[in-house]
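Report on the structure given below.
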Amino acid sequence: MTVPSDIEIAQGAKLRPIIEIAEKLGIGPEELELYGNYKAKVSNKVWDRVKDNPDGKLILVTAITPTPAGEGKTTTTVGLAQGLEKLGQKVSFAVREPSLGPSFGMKGGAAGGGYSQVVPMEDINLHFTGDFHAITTAHNLISAMLDNSLQQGNELNIDPRRIVWKRVLDLNDRALRYVVVGLGGRPNGVPRESGFDITVASEVMAILCLSTSLMDLKERVSRIVVAYTYDGKPVTAGDIGAAGSAAVILKDAIKPNIVQTLEGTPGFIHGGPFANIAHGCNSIQATRLGMKLSDYFITEAGFGADLGAEKFLDIKCRLGGLKPSAVVIVATVRALKMHGGLKKTELAREDLAALEKGMTNLEKHIENVNAFGLPAVVAINRFPTDTEEELTLIEERCNRLGASVALSEVWEKGGEGGMELGRKVMEACEKPSSFRFLYDVSLTPKEKIEKIARELYGAASVAYTDQAEKDLAQVSELGKNDLLVCMAKTQYSLSDDPTLLGRPEGFTVTVREVRLSAGAGFLVVVTGAIMTMPGLPKKPAALSIDIDENGRITGLF
C-alpha cells in the first residue's frame, strides 16, 4: 500500500470552520480576527476575559539529540493533543510557525506529519497570517532608521564600525551573509560592512515571543542595542526613535493564531525562533492563553532537551511565570541506534548492542529533565522496522531511571495512536514535581554558562576565546550581568562538536563570542560554528515545489 505524502493527507482533509474550532475553547466569533475560513488571530479581549482562570496542566514536548534519522517532535505534539481529546479531555496545544528558509531549503515544512498535522498545512508553511513578514519589516525598519541617523548628521555619534544590527530575510541566502551597504556616493548613505540574518534569528522574533503585551513588546524593542558610539556607549532602537513605529508594525503579529489538527483539535501557532541560535519556543502569549482555556496544554521546544527544553524552562517559564507539570521526550529506535554508531543505511536491522550504546543519549536527557524537578515520559515514535526486543530494551532502561514509556503511533493512526501516550502523560501530571530553574539570575554570566555546560551537556570544562572575554567584559561594564543565558550551539550533539554523538564525556565547550540581546533579556552565547543565515543545499526543496492551474500545491513536504 502506498502511503500518501503529508501534503496529500492534508489536502484530502475536511476542515471545519475555525469559528467552530475556537468554540471548543470557549472563544466566541466576536473574539476572532478571521484570515479566511480556517485560520484566525485571537483578539486581546480573550486574555482580558480569562486571565484569572486557573491554569491547565502544561506539558512540554522535547526530544533526544536529533539525527538525520528523525524523531518527529511536532508530529508527537499534535498527535498527543489529538489523543488526549479522544480520551475526553479539554485540550489545546501550541507549536512554532515554520520559516520559509527551511521550507524551501533542506528541512521542509513544520506542521507535523502523517495523520497528526495542523492544517491548513500549505498556509501554515507559507505566508500564514503574515507574522514573519511583520517581524522582517519591523527589524528592517530599525535598520533603515539606523542608517538614516548616520546619513542625517550622526547626532548620536554612532561609530559605523561598531554597528551590530544587521538586516533580515526569511529565506536561506548565503550570498547575503556579508554585504556592503551605502555605496553610490553621498546621496546613498554611509558605506559600511553589514550582512543579513534569517528572520527567525532576529531579536525582534525573540521579543515577540517573550512579550506579555504590546506595551511590553514596545518597551523591549526600545532596549535593543543596535550600535555603539565612538566612545563605547550603547545606542538603542529607542535612541534612534524606532520603537513606536516597530510596535505599530507588530500590533497584529503579537496576537496568537488559532488553527486545527486533521481531527479538529484546536491549536495555536505563533512565533518561531530557532532553538540552536535563539530560544526555540512559541510565544508566551499563546502558551498563557492556551493554559487558561484548556485542562491540558501541550507545547514543544526546538531540537533536543539540551537546547529547546533548557531555554523553555530557564528563559520562557521564568519570564512568563509558567510552571510545567511534565515533559515528554521523543525518541526513535532508529535515531538511538545512530547514536550508538550505526550508519543511516543500517538502521532497519535489529542491533541491540548499538541501541544499548545509543541509549546513553536518551538517559542523559531524562536526567536533565529530572534536574529541573519534572517527571519525564518517553514517547517512542514507532517505525515498522522496530523489533519487540528493541522496544523492550528501551522501556526497561527508562523505567530504571524513573521515566514512564509509551509507544507513539500518531503518524500512522492520528489521535488513536496517541491515546496510550496521553494516559501516561496524564499520570505523570499527577506525580509530585518541584519545578526549579537550573541557575539563579544573580550568578555571573560565566557561572550560568558553566552550569549549563557541565550539568546539562556533561562538559568537563568551558574555554573562552579572547573575543568572548572582551564581550563578557563589556556586558559587565554595561551592567547586564543579570541577564539570562541563551546558548547558541549545534543541535547534533550534547557537546559543541556535531560529530560527537551519544553521550560524550570529557569534552570542552568553547565560547567564541557573546552577543547582547538586551530587549529579549538574554545573552546569546555562541559556541562552535553557528550560522545565522543558512544557505541552500545542492538540491533544495524549492526544486520540487510547484503549483498547478487549479492552485493545488505539490512538493511542499
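The way I read the labels, and the way they are meant: chains A, B, ... in the order of the C-alpha cells, residue 1 as the first residue of every chain, and ligand 1 as the first ligand shown, with later ones counted on from there.
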Q.
When you look at region 219-228 of chain A with a cut-off of 9 Å (counting only C-alpha atoms), what residues show up, excluding the ones that are within fewer than 6 positions of it in the same chain? I need them as an MDAnalysis selection string.
A. chainID A and resid 142:143 146 157:166 203:204 207 211 234:239 241:244 246:247 516:521
**Asked** Which residues come within 10 Å of Asp440 (chain A), counting only C-alpha atoms, excluding same-chain residues fewer than 5 positions away, as a count of residues only?
**Response** 5
Extract, using only C-alpha atoms, all DNA, RNA and protein residues at most 12 Å from Gly321 (chain A), discarding same-chain residues fewer than 3 positions from it, and format them as a PyMOL selection string.
-> chain A and resi 55+58+210-212+284-285+287-288+291+312-318+324+435-437
Tell me, as a PyMOL selection string, which residues lie within 8 Å of Gly555 (chain A), counting only C-alpha atoms; anything in the same chain fewer than 5 positions away does not count. chain A and resi 7+541+544-546
Please provide the set of residues having any atom within 8 Å of Thr465 (chain A), restricted to only C-alpha atoms, with same-chain residues fewer than 3 positions apart removed, written as a PDB file with all heavy atoms, in the first residue's frame.
ATOM      1  N   ALA A 468      35.379  36.370  23.242  1.00  0.00           N
ATOM      2  CA  ALA A 468      34.353  36.112  24.247  1.00  0.00           C
ATOM      3  C   ALA A 468      34.666  36.832  25.550  1.00  0.00           C
ATOM      4  O   ALA A 468      33.758  37.373  26.211  1.00  0.00           O
ATOM      5  CB  ALA A 468      34.209  34.617  24.481  1.00  0.00           C
ATOM      6  N   GLU A 469      35.940  36.845  25.928  1.00  0.00           N
ATOM      7  CA  GLU A 469      36.337  37.547  27.154  1.00  0.00           C
ATOM      8  C   GLU A 469      36.060  39.039  27.030  1.00  0.00           C
ATOM      9  O   GLU A 469      35.577  39.684  27.969  1.00  0.00           O
ATOM     10  CB  GLU A 469      37.819  37.303  27.453  1.00  0.00           C
ATOM     11  CG  GLU A 469      38.168  35.865  27.818  1.00  0.00           C
ATOM     12  CD  GLU A 469      37.757  35.488  29.237  1.00  0.00           C
ATOM     13  OE1 GLU A 469      37.074  36.289  29.902  1.00  0.00           O
ATOM     14  OE2 GLU A 469      38.113  34.386  29.680  1.00  0.00           O
ATOM     15  N   THR A 510      33.720  25.445  23.922  1.00  0.00           N
ATOM     16  CA  THR A 510      34.426  26.697  23.639  1.00  0.00           C
ATOM     17  C   THR A 510      33.435  27.800  23.289  1.00  0.00           C
ATOM     18  O   THR A 510      32.654  27.668  22.344  1.00  0.00           O
ATOM     19  CB  THR A 510      35.420  26.518  22.472  1.00  0.00           C
ATOM     20  OG1 THR A 510      36.376  25.514  22.833  1.00  0.00           O
ATOM     21  CG2 THR A 510      36.152  27.824  22.181  1.00  0.00           C
ATOM     22  N   VAL A 511      33.465  28.858  24.063  1.00  0.00           N
ATOM     23  CA  VAL A 511      32.612  30.024  23.808  1.00  0.00           C
ATOM     24  C   VAL A 511      33.381  30.975  22.903  1.00  0.00           C
ATOM     25  O   VAL A 511      34.438  31.481  23.272  1.00  0.00           O
ATOM     26  CB  VAL A 511      32.227  30.723  25.124  1.00  0.00           C
ATOM     27  CG1 VAL A 511      31.417  31.989  24.833  1.00  0.00           C
ATOM     28  CG2 VAL A 511      31.434  29.776  26.012  1.00  0.00           C
ATOM     29  N   ARG A 512      32.846  31.206  21.695  1.00  0.00           N
ATOM     30  CA  ARG A 512      33.541  32.035  20.708  1.00  0.00           C
ATOM     31  C   ARG A 512      33.231  33.515  20.874  1.00  0.00           C
ATOM     32  O   ARG A 512      34.073  34.370  20.670  1.00  0.00           O
ATOM     33  CB  ARG A 512      33.174  31.593  19.289  1.00  0.00           C
ATOM     34  CG  ARG A 512      33.673  30.218  18.921  1.00  0.00           C
ATOM     35  CD  ARG A 512      33.620  29.986  17.424  1.00  0.00           C
ATOM     36  NE  ARG A 512      32.267  30.094  16.895  1.00  0.00           N
ATOM     37  CZ  ARG A 512      31.908  30.919  15.925  1.00  0.00           C
ATOM     38  NH1 ARG A 512      32.806  31.726  15.375  1.00  0.00           N
ATOM     39  NH2 ARG A 512      30.668  30.946  15.483  1.00  0.00           N
ATOM     40  N   GLU A 513      31.972  33.820  21.184  1.00  0.00           N
ATOM     41  CA  GLU A 513      31.577  35.217  21.371  1.00  0.00           C
ATOM     42  C   GLU A 513      30.293  35.264  22.183  1.00  0.00           C
ATOM     43  O   GLU A 513      29.590  34.251  22.336  1.00  0.00           O
ATOM     44  CB  GLU A 513      31.379  35.922  20.027  1.00  0.00           C
ATOM     45  CG  GLU A 513      30.311  35.291  19.142  1.00  0.00           C
ATOM     46  CD  GLU A 513      30.092  36.061  17.848  1.00  0.00           C
ATOM     47  OE1 GLU A 513      29.803  37.274  17.940  1.00  0.00           O
ATOM     48  OE2 GLU A 513      30.193  35.455  16.770  1.00  0.00           O
TER      49      GLU A 513
END
- Write out as a ChimeraX atom specification all residues of region 61-149 of chain A that DSSP puts in strand (DSSP E) for this structure's backbone. /A:61-63,91-95,112-113,116-119
Closest of A:Pro256, A:Pro102, A:Pro17, A:Gly502 to Asn172 (chain A), counting only C-alpha atoms, is A:Pro102
Near region 114-127 of chain A, counting only C-alpha atoms, which residues have an atom at most 7 Å away, once you skip same-chain residues fewer than 4 positions from it, shown as a tab-separated table (two decimals) with all heavy atoms, in the first residue's frame?
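Output file selection_37.tsv follows:
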chain	number	residue	atom	x	y	z
A	6	ASP	N	2.56	13.83	3.22
A	6	ASP	CA	1.92	14.71	4.21
A	6	ASP	C	0.99	15.71	3.54
A	6	ASP	O	-0.12	15.94	4.01
A	6	ASP	CB	3.00	15.47	5.00
A	6	ASP	CG	3.74	14.56	5.97
A	6	ASP	OD1	3.29	13.41	6.18
A	6	ASP	OD2	4.76	15.00	6.52
A	9	ILE	N	-2.23	14.06	2.38
A	9	ILE	CA	-3.13	13.81	3.50
A	9	ILE	C	-3.82	15.10	3.92
A	9	ILE	O	-5.04	15.14	4.13
A	9	ILE	CB	-2.35	13.20	4.69
A	9	ILE	CG1	-1.85	11.79	4.34
A	9	ILE	CG2	-3.23	13.16	5.95
A	9	ILE	CD1	-0.91	11.20	5.38
A	10	ALA	N	-3.03	16.18	4.02
A	10	ALA	CA	-3.59	17.47	4.45
A	10	ALA	C	-4.61	18.00	3.44
A	10	ALA	O	-5.66	18.52	3.82
A	10	ALA	CB	-2.46	18.48	4.64
A	38	TYR	N	-10.35	29.18	7.81
A	38	TYR	CA	-9.71	28.12	8.59
A	38	TYR	C	-8.55	28.59	9.46
A	38	TYR	O	-7.87	27.78	10.07
A	38	TYR	CB	-9.23	27.02	7.64
A	38	TYR	CG	-10.33	26.51	6.74
A	38	TYR	CD1	-10.27	26.68	5.37
A	38	TYR	CD2	-11.45	25.89	7.29
A	38	TYR	CE1	-11.30	26.23	4.54
A	38	TYR	CE2	-12.48	25.44	6.48
A	38	TYR	CZ	-12.40	25.62	5.11
A	38	TYR	OH	-13.42	25.17	4.31
A	75	THR	N	5.12	16.22	15.20
A	75	THR	CA	4.09	15.20	14.95
A	75	THR	C	3.59	14.62	16.26
A	75	THR	O	2.38	14.41	16.45
A	75	THR	CB	4.68	14.08	14.06
A	75	THR	OG1	5.15	14.66	12.84
A	75	THR	CG2	3.64	13.02	13.74
A	78	VAL	N	1.30	17.19	18.13
A	78	VAL	CA	-0.04	17.23	17.55
A	78	VAL	C	-0.81	15.95	17.87
A	78	VAL	O	-1.98	15.98	18.28
A	78	VAL	CB	0.04	17.45	16.02
A	78	VAL	CG1	-1.35	17.41	15.39
A	78	VAL	CG2	0.73	18.77	15.71
A	79	GLY	N	-0.13	14.80	17.71
A	79	GLY	CA	-0.79	13.52	17.97
A	79	GLY	C	-1.18	13.33	19.42
A	79	GLY	O	-2.24	12.76	19.74
A	97	GLU	N	5.68	28.73	14.32
A	97	GLU	CA	5.43	28.94	12.90
A	97	GLU	C	6.66	28.52	12.10
A	97	GLU	O	7.78	28.87	12.47
A	97	GLU	CB	5.12	30.41	12.61
A	97	GLU	CG	3.87	30.93	13.31
A	97	GLU	CD	3.62	32.40	13.01
A	97	GLU	OE1	3.64	32.77	11.81
A	97	GLU	OE2	3.41	33.17	13.95
A	98	PRO	N	6.47	27.79	11.00
A	98	PRO	CA	7.63	27.40	10.18
A	98	PRO	C	8.25	28.60	9.46
A	98	PRO	O	7.56	29.56	9.12
A	98	PRO	CB	7.04	26.43	9.15
A	98	PRO	CG	5.70	26.04	9.70
A	98	PRO	CD	5.22	27.20	10.51
A	100	LEU	N	10.18	30.14	6.15
A	100	LEU	CA	10.25	29.86	4.71
A	100	LEU	C	11.64	29.35	4.30
A	100	LEU	O	11.76	28.64	3.32
A	100	LEU	CB	9.92	31.13	3.91
A	100	LEU	CG	8.45	31.56	3.89
A	100	LEU	CD1	8.30	32.89	3.17
A	100	LEU	CD2	7.58	30.51	3.23
A	103	SER	N	11.65	25.64	4.74
A	103	SER	CA	10.59	25.08	3.90
A	103	SER	C	11.03	24.95	2.45
A	103	SER	O	10.66	24.00	1.75
A	103	SER	CB	9.33	25.96	3.98
A	103	SER	OG	8.75	25.89	5.26
A	109	GLY	N	8.75	21.52	5.51
A	109	GLY	CA	7.77	22.20	6.35
A	109	GLY	C	7.81	21.72	7.79
A	109	GLY	O	8.56	20.83	8.15
A	110	ALA	N	6.97	22.32	8.61
A	110	ALA	CA	6.98	22.00	10.04
A	110	ALA	C	5.58	22.10	10.62
A	110	ALA	O	5.31	22.90	11.50
A	110	ALA	CB	7.93	22.93	10.77
A	259	VAL	N	-5.56	27.52	14.84
A	259	VAL	CA	-5.83	26.62	13.72
A	259	VAL	C	-6.38	25.32	14.28
A	259	VAL	O	-6.83	25.27	15.42
A	259	VAL	CB	-4.56	26.37	12.89
A	259	VAL	CG1	-4.16	27.62	12.10
A	259	VAL	CG2	-3.39	25.90	13.76
A	260	GLN	N	-6.34	24.25	13.49
A	260	GLN	CA	-6.88	22.96	13.93
A	260	GLN	C	-6.00	21.83	13.43
A	260	GLN	O	-5.22	22.00	12.50
A	260	GLN	CB	-8.30	22.77	13.40
A	260	GLN	CG	-8.39	22.72	11.87
A	260	GLN	CD	-9.82	22.73	11.38
A	260	GLN	OE1	-10.55	21.75	11.54
A	260	GLN	NE2	-10.23	23.86	10.78
A	261	THR	N	-6.16	20.66	14.05
A	261	THR	CA	-5.48	19.46	13.54
A	261	THR	C	-6.39	18.78	12.52
A	261	THR	O	-7.53	19.20	12.31
A	261	THR	CB	-5.17	18.48	14.68
A	261	THR	OG1	-6.40	17.86	15.10
A	261	THR	CG2	-4.51	19.17	15.86
A	262	LEU	N	-5.89	17.72	11.93
A	262	LEU	CA	-6.70	16.95	10.99
A	262	LEU	C	-7.97	16.41	11.65
A	262	LEU	O	-8.96	16.14	10.97
A	262	LEU	CB	-5.89	15.78	10.43
A	262	LEU	CG	-4.71	16.14	9.52
A	262	LEU	CD1	-3.87	14.90	9.22
A	262	LEU	CD2	-5.19	16.77	8.22
A	410	VAL	N	1.25	8.03	16.29
A	410	VAL	CA	0.39	9.12	15.87
A	410	VAL	C	0.55	9.46	14.39
A	410	VAL	O	-0.37	9.99	13.77
A	410	VAL	CB	0.62	10.38	16.72
A	410	VAL	CG1	0.29	10.09	18.18
A	410	VAL	CG2	2.06	10.88	16.62
A	411	TRP	N	1.71	9.18	13.80
A	411	TRP	CA	1.90	9.46	12.37
A	411	TRP	C	0.96	8.60	11.54
A	411	TRP	O	0.32	9.08	10.61
A	411	TRP	CB	3.35	9.18	11.97
A	411	TRP	CG	3.66	9.53	10.55
A	411	TRP	CD1	4.05	10.72	10.05
A	411	TRP	CD2	3.57	8.64	9.41
A	411	TRP	NE1	4.21	10.65	8.67
A	411	TRP	CE2	3.92	9.39	8.26
A	411	TRP	CE3	3.23	7.29	9.26
A	411	TRP	CZ2	3.95	8.83	6.99
A	411	TRP	CZ3	3.25	6.73	7.98
A	411	TRP	CH2	3.61	7.50	6.86
A	412	GLU	N	0.83	7.35	11.94
A	412	GLU	CA	0.01	6.40	11.16
A	412	GLU	C	-1.46	6.43	11.57
A	412	GLU	O	-2.35	6.30	10.74
A	412	GLU	CB	0.57	4.99	11.37
A	412	GLU	CG	-0.19	3.91	10.61
A	412	GLU	CD	0.32	2.52	10.91
A	412	GLU	OE1	1.26	2.39	11.73
A	412	GLU	OE2	-0.22	1.54	10.35
A	413	LYS	N	-1.72	6.63	12.87
A	413	LYS	CA	-3.08	6.44	13.38
A	413	LYS	C	-3.72	7.71	13.93
A	413	LYS	O	-4.86	7.67	14.41
A	413	LYS	CB	-3.07	5.37	14.47
A	413	LYS	CG	-2.59	4.01	14.00
A	413	LYS	CD	-2.56	3.01	15.15
A	413	LYS	CE	-2.07	1.64	14.70
A	413	LYS	NZ	-2.01	0.67	15.83
A	414	GLY	N	-3.00	8.84	13.90
A	414	GLY	CA	-3.56	10.07	14.44
A	414	GLY	C	-3.79	9.97	15.94
A	414	GLY	O	-3.01	9.37	16.68
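Distances from A:Ala134, A:Val248, A:Val514, A:Gly56 to Leu214 (chain A) were compared using only C-alpha atoms, and the smallest one belongs to A:Val248.
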Min atom-atom distance to Tyr35 (chain A) from the set A:Ile258, A:Val61, A:Leu87, A:Ile198, counting only C-alpha atoms, belongs to A:Ile258
Counting only C-alpha atoms, which residues in region 400-484 of chain A sit no more than 7 Å from region 382-390 of chain A? For each one, give the nearest pair of atoms and the distance in Å, sorted by chain then residue number, as a tab-separated table.
residue	atom	partner	partner_atom	distance
A:Leu407	CA	A:Arg382	CA	6.4
A:Ser408	CA	A:Arg382	CA	6.0
A:Glu409	CA	A:Arg382	CA	5.9
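Using only C-alpha atoms, the shortest contact distance between Ala463 (chain A) and any of A:Ala13, A:Leu319, A:Ala379, A:Ile449 is found at A:Ile449.
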